[in-house]
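Shown below: entry14.cif, with mmCIF, C-alpha atoms.
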data_target
#
loop_
_atom_site.label_atom_id
_atom_site.label_comp_id
_atom_site.auth_asym_id
_atom_site.auth_seq_id
_atom_site.Cartn_x
_atom_site.Cartn_y
_atom_site.Cartn_z
CA ALA A 27 -43.76 1.18 19.51
CA HIS A 28 -41.47 1.61 16.47
CA ASN A 29 -38.23 1.13 18.43
CA LEU A 30 -36.62 4.25 16.90
CA LYS A 31 -33.20 5.09 18.31
CA LEU A 32 -31.05 8.19 17.85
CA ALA A 33 -27.28 8.36 18.19
CA PRO A 34 -26.60 11.62 20.07
CA LYS A 35 -23.25 12.20 18.35
CA LYS A 36 -25.02 12.08 14.97
CA CYS A 37 -27.76 14.53 15.99
CA HIS A 38 -27.46 18.26 15.41
CA PHE A 39 -29.82 20.58 17.26
CA MET A 40 -30.05 24.38 17.34
CA ARG A 41 -27.72 24.86 14.37
CA PRO A 42 -28.12 27.75 11.88
CA SER A 43 -27.40 25.33 9.03
CA VAL A 44 -26.64 21.65 8.47
CA LYS A 45 -25.08 19.58 5.71
CA PHE A 46 -27.54 17.03 4.39
CA LEU A 47 -27.04 14.78 1.37
CA GLY A 48 -24.68 17.13 -0.46
CA HIS A 49 -26.68 20.25 0.37
CA ILE A 50 -26.63 22.97 3.00
CA VAL A 51 -30.03 23.44 4.64
CA SER A 52 -30.65 26.68 6.54
CA LYS A 53 -33.52 29.00 7.39
CA GLU A 54 -32.86 30.83 4.08
CA GLY A 55 -33.32 27.66 2.05
CA ILE A 56 -31.29 24.90 0.43
CA SER A 57 -27.97 25.53 -1.30
CA THR A 58 -25.11 23.55 -2.75
CA ASP A 59 -22.35 22.22 -0.50
CA PRO A 60 -19.29 24.39 -1.28
CA GLU A 61 -16.91 21.45 -0.69
CA LYS A 62 -18.73 19.29 -3.26
CA VAL A 63 -18.91 22.16 -5.75
CA LYS A 64 -15.18 22.86 -5.33
CA ALA A 65 -14.38 19.21 -6.13
CA ILE A 66 -16.37 19.49 -9.37
CA VAL A 67 -15.06 22.93 -10.35
CA ASP A 68 -11.46 21.83 -9.74
CA LEU A 69 -11.78 19.16 -12.45
CA CYS A 70 -10.00 19.92 -15.70
CA GLU A 71 -10.71 18.56 -19.16
CA GLU A 72 -7.81 16.11 -18.84
CA ASP A 73 -9.69 14.46 -15.95
CA LEU A 74 -12.36 13.37 -18.45
CA MET A 75 -9.89 11.73 -20.81
CA VAL A 76 -8.73 8.12 -21.02
CA GLU A 77 -5.57 7.85 -18.90
CA GLY A 78 -2.53 9.14 -20.80
CA THR A 79 -4.48 10.23 -23.91
CA ASP A 80 -6.52 13.12 -25.27
CA ILE A 81 -9.44 10.80 -25.99
CA PRO A 82 -12.60 11.42 -23.91
CA SER A 83 -13.73 8.57 -21.67
CA PRO A 84 -17.51 7.96 -21.92
CA SER A 85 -17.63 6.77 -18.31
CA LYS A 86 -15.76 9.85 -17.05
CA VAL A 87 -18.03 12.15 -19.07
CA ARG A 88 -21.08 10.35 -17.59
CA SER A 89 -19.61 10.72 -14.12
CA PHE A 90 -19.04 14.46 -14.60
CA LEU A 91 -22.58 14.93 -15.93
CA GLY A 92 -23.92 12.99 -12.96
CA MET A 93 -22.06 15.19 -10.47
CA VAL A 94 -23.21 18.42 -12.12
CA GLY A 95 -26.70 17.03 -12.75
CA PHE A 96 -27.08 16.41 -9.02
CA TYR A 97 -27.15 20.21 -8.63
CA GLN A 98 -29.03 21.07 -11.83
CA GLN A 99 -31.99 22.54 -9.95
CA PHE A 100 -29.70 25.35 -8.76
CA PHE A 101 -29.13 26.85 -12.21
CA GLU A 102 -31.02 27.44 -15.40
CA GLY A 103 -30.46 25.61 -18.67
CA TYR A 104 -28.70 22.41 -17.56
CA SER A 105 -30.06 20.31 -20.42
CA SER A 106 -29.16 22.80 -23.15
CA ILE A 107 -25.71 23.56 -21.71
CA SER A 108 -24.86 19.88 -21.24
CA LYS A 109 -26.15 18.75 -24.64
CA PRO A 110 -22.71 18.55 -26.37
CA LEU A 111 -21.39 16.40 -23.51
CA CYS A 112 -24.48 14.18 -23.40
CA ARG A 113 -23.65 13.03 -26.91
CA LYS A 114 -20.24 11.80 -25.66
CA ARG A 115 -21.46 9.32 -23.07
CA PRO A 116 -22.59 6.18 -24.93
CA VAL A 117 -21.61 3.00 -23.12
CA ALA A 118 -20.75 0.84 -26.12
CA LYS A 119 -19.14 3.43 -28.40
CA LYS A 120 -15.43 4.13 -28.29
CA LEU A 121 -14.66 7.81 -28.64
CA THR A 122 -11.86 9.43 -30.59
CA LEU A 123 -9.84 12.61 -30.21
CA ALA A 124 -12.17 14.30 -32.71
CA ASP A 125 -15.14 13.63 -30.40
CA TRP A 126 -13.97 16.33 -27.96
CA SER A 127 -15.05 19.46 -29.80
CA PRO A 128 -14.81 23.15 -28.87
CA GLU A 129 -18.53 22.88 -28.00
CA CYS A 130 -17.65 20.19 -25.44
CA SER A 131 -14.99 22.42 -23.89
CA GLU A 132 -17.44 25.30 -23.74
CA ALA A 133 -20.15 23.13 -22.16
CA PHE A 134 -17.65 21.78 -19.61
CA SER A 135 -16.65 25.34 -18.61
CA LYS A 136 -20.21 26.70 -18.58
CA LEU A 137 -21.46 23.89 -16.35
CA LYS A 138 -18.68 24.51 -13.84
CA GLN A 139 -19.30 28.26 -13.96
CA ALA A 140 -23.03 27.76 -13.39
CA LEU A 141 -22.25 25.82 -10.19
CA LEU A 142 -20.23 28.76 -8.89
CA GLU A 143 -23.21 31.13 -9.03
CA ASN A 144 -24.24 29.58 -5.72
CA ALA A 145 -28.00 30.05 -5.83
CA THR A 146 -30.16 29.18 -2.85
CA LEU A 147 -33.56 27.57 -3.29
CA ALA A 148 -35.89 29.31 -0.84
CA HIS A 149 -38.26 27.28 1.26
CA PRO A 150 -41.86 27.52 -0.01
CA ASP A 151 -44.19 30.03 1.62
CA PHE A 152 -47.56 28.31 1.56
CA SER A 153 -49.36 31.58 2.31
CA LYS A 154 -48.32 32.92 -1.14
CA PRO A 155 -49.37 31.74 -4.60
CA PHE A 156 -47.26 29.36 -6.66
CA LEU A 157 -46.38 29.86 -10.32
CA LEU A 158 -46.17 26.88 -12.70
CA SER A 159 -44.08 27.59 -15.81
CA VAL A 160 -44.04 25.00 -18.58
CA ASP A 161 -42.19 24.79 -21.88
CA ALA A 162 -41.80 22.24 -24.65
CA SER A 163 -39.82 21.97 -27.86
CA SER A 164 -38.69 19.28 -30.25
CA ASN A 165 -35.71 18.67 -27.92
CA GLY A 166 -37.58 18.23 -24.66
CA LEU A 167 -40.02 19.58 -22.16
CA GLY A 168 -39.84 21.07 -18.73
CA ALA A 169 -41.80 22.53 -15.88
CA VAL A 170 -40.84 24.72 -12.94
CA LEU A 171 -42.93 25.30 -9.84
CA SER A 172 -41.87 28.56 -8.23
CA GLN A 173 -42.90 31.53 -6.14
CA LEU A 174 -42.10 35.17 -6.72
CA ALA A 175 -39.75 36.46 -4.05
CA GLU A 176 -39.78 40.00 -2.73
CA GLY A 177 -36.58 41.93 -3.21
#
Rewritten as structure tokens:
Amino acid sequence: AHNLKLAPKKCHFMRPSVKFLGHIVSKEGISTDPEKVKAIVDLCEEDLMVEGTDIPSPSKVRSFLGMVGFYQQFFEGYSSISKPLCRKRPVAKKLTLADWSPECSEAFSKLKQALLENATLAHPDFSKPFLLSVDASSNGLGAVLSQLAEG
């Protein structure tokens, strides 16, 4: 009735894990795609600079934050770690050499390191209770819905 068609060469059945939208989905849960993470981790600070200079490019900083932000649910503290870099991404403002501070370098390294920790988000077990954790400050607010895992 809905005229749904499947392309057999695009279907994957009976696989222990599959790549789906930049993630690896398995019976254990959902994790980051190691190939995508490697591409991000292999970036160096020079890749965020305007070609041939030491001046940060707002669009390249935004792009980096977007790539890392795609996986932010896999590690704790994305917003606080990325804060120095978030200040460097205005569209209209030209940046200078002085705009890339030691805090920016540290944030860049910490974000890449956090991606390497390779956490897996477990599938929910609806037979167990959920825990809602909330927090707010003058800088922002957040909430996490989780379950306590055994082991």
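For the structure in this document, the set picked by the PyMOL selection byres ((chain A and resi 154-159) around 10) is Pro150, Asp151, Phe152, Ser153, Val160, Asp161, Gly168, Ala169, Val170, Leu171, Ser172, Gln173, Leu174 and Ala175 of chain A.
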What would the file look like if the residues just selected were written as a PDB file, keeping the file's coordinate frame with C-alpha atoms?
ATOM      1  CA  PRO A 150     -41.860  27.520  -0.010  1.00  0.00           C
ATOM      2  CA  ASP A 151     -44.190  30.030   1.620  1.00  0.00           C
ATOM      3  CA  PHE A 152     -47.560  28.310   1.560  1.00  0.00           C
ATOM      4  CA  SER A 153     -49.360  31.580   2.310  1.00  0.00           C
ATOM      5  CA  VAL A 160     -44.040  25.000 -18.580  1.00  0.00           C
ATOM      6  CA  ASP A 161     -42.190  24.790 -21.880  1.00  0.00           C
ATOM      7  CA  GLY A 168     -39.840  21.070 -18.730  1.00  0.00           C
ATOM      8  CA  ALA A 169     -41.800  22.530 -15.880  1.00  0.00           C
ATOM      9  CA  VAL A 170     -40.840  24.720 -12.940  1.00  0.00           C
ATOM     10  CA  LEU A 171     -42.930  25.300  -9.840  1.00  0.00           C
ATOM     11  CA  SER A 172     -41.870  28.560  -8.230  1.00  0.00           C
ATOM     12  CA  GLN A 173     -42.900  31.530  -6.140  1.00  0.00           C
ATOM     13  CA  LEU A 174     -42.100  35.170  -6.720  1.00  0.00           C
ATOM     14  CA  ALA A 175     -39.750  36.460  -4.050  1.00  0.00           C
TER      15      ALA A 175
END
- Task: In Å, rounded to a single decimal, give me how far CA of Ser43 in chain A is from CA of Val67 in chain A.
- Result: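 Straight-line distance from CA of Val67 in chain A to CA of Ser43 in chain A works out to 23.1 Å.
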- Closest of A:Val94, A:Ile50, A:Ala162, A:Ile107 to Lys136 in chain A, counting only C-alpha atoms, is A:Ile107
- Need the neighbours of (-28.3, 24.9, -12.8): which residues are at most 9 Å away, counting only C-alpha atoms, as a ChimeraX atom specification? /A:94-95,97-104,137,140-141,143,145
- Identify which of the residues A:Ile56, A:Leu111, A:Ala27, A:Val51 lies closest to Lys86 in chain A, counting all atoms listed in the file when measuring atom-to-atom distances.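 Using all atoms listed in the file, Lys86 in chain A sits closest to A:Leu111.
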- Item | Nearest to His49 in chain A by atom-to-atom distance, counting all atoms listed in the file, from A:Leu147, A:Ala124, A:Cys112, A:Val76 |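 Once distances to His49 in chain A are computed over all atoms listed in the file, the minimum belongs to A:Leu147.
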- Query: Hey, which of A:Phe96, A:Lys31, A:Leu167, A:Leu91 ends up closest to Ser57 in chain A? Count all atoms listed in the file.
  - Reply: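 Looking at the shortest contact to Ser57 in chain A, the residue is A:Phe96.
The coordinates place CA of Ser131 in chain A at 23.1 Å from CA of Pro60 in chain A.
One finds CA of Asn144 in chain A at 26.9 Å from CA of Arg113 in chain A.
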- So which residues touch Ile66 in chain A within 8 Å, counting all atoms listed in the file, skipping near sequence neighbours fewer than 4 positions away, as a list of chain:residue names? A:Lys62, A:Phe90, A:Met93, A:Val94, A:Lys138
Let me have the centre and edge lengths of the axis-aligned box enclosing all listed atoms of range 29-34 of chain A with 6 Å padding on every side, in Å to one decimal, as JSON.
{"center_x": -32.4, "center_y": 6.4, "center_z": 18.5, "size_x": 23.6, "size_y": 22.5, "size_z": 15.2}
- Task: To verify the selection step, state as a ChimeraX atom specification which residues the PyMOL selection byres ((chain A and resi 82) around 12) yields on this input.
- Result: /A:71-81,83-88,90,111,113-116,119-127,130-131
- Message: Here is a test: counting all atoms listed in the file, which residue of A:His28, A:Lys109, A:Lys45, A:Lys64 is nearest to Ala133 in chain A?
- Response: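 Comparing A:His28, A:Lys109, A:Lys45, A:Lys64 against Ala133 in chain A, the winner is A:Lys109.
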- Message: Please determine, counting all atoms listed in the file, which residue among A:Ala148, A:Ser163, A:Glu176, A:Cys70 has the shortest atom-to-atom distance to Ser52 in chain A.
- Response: A:Ala148
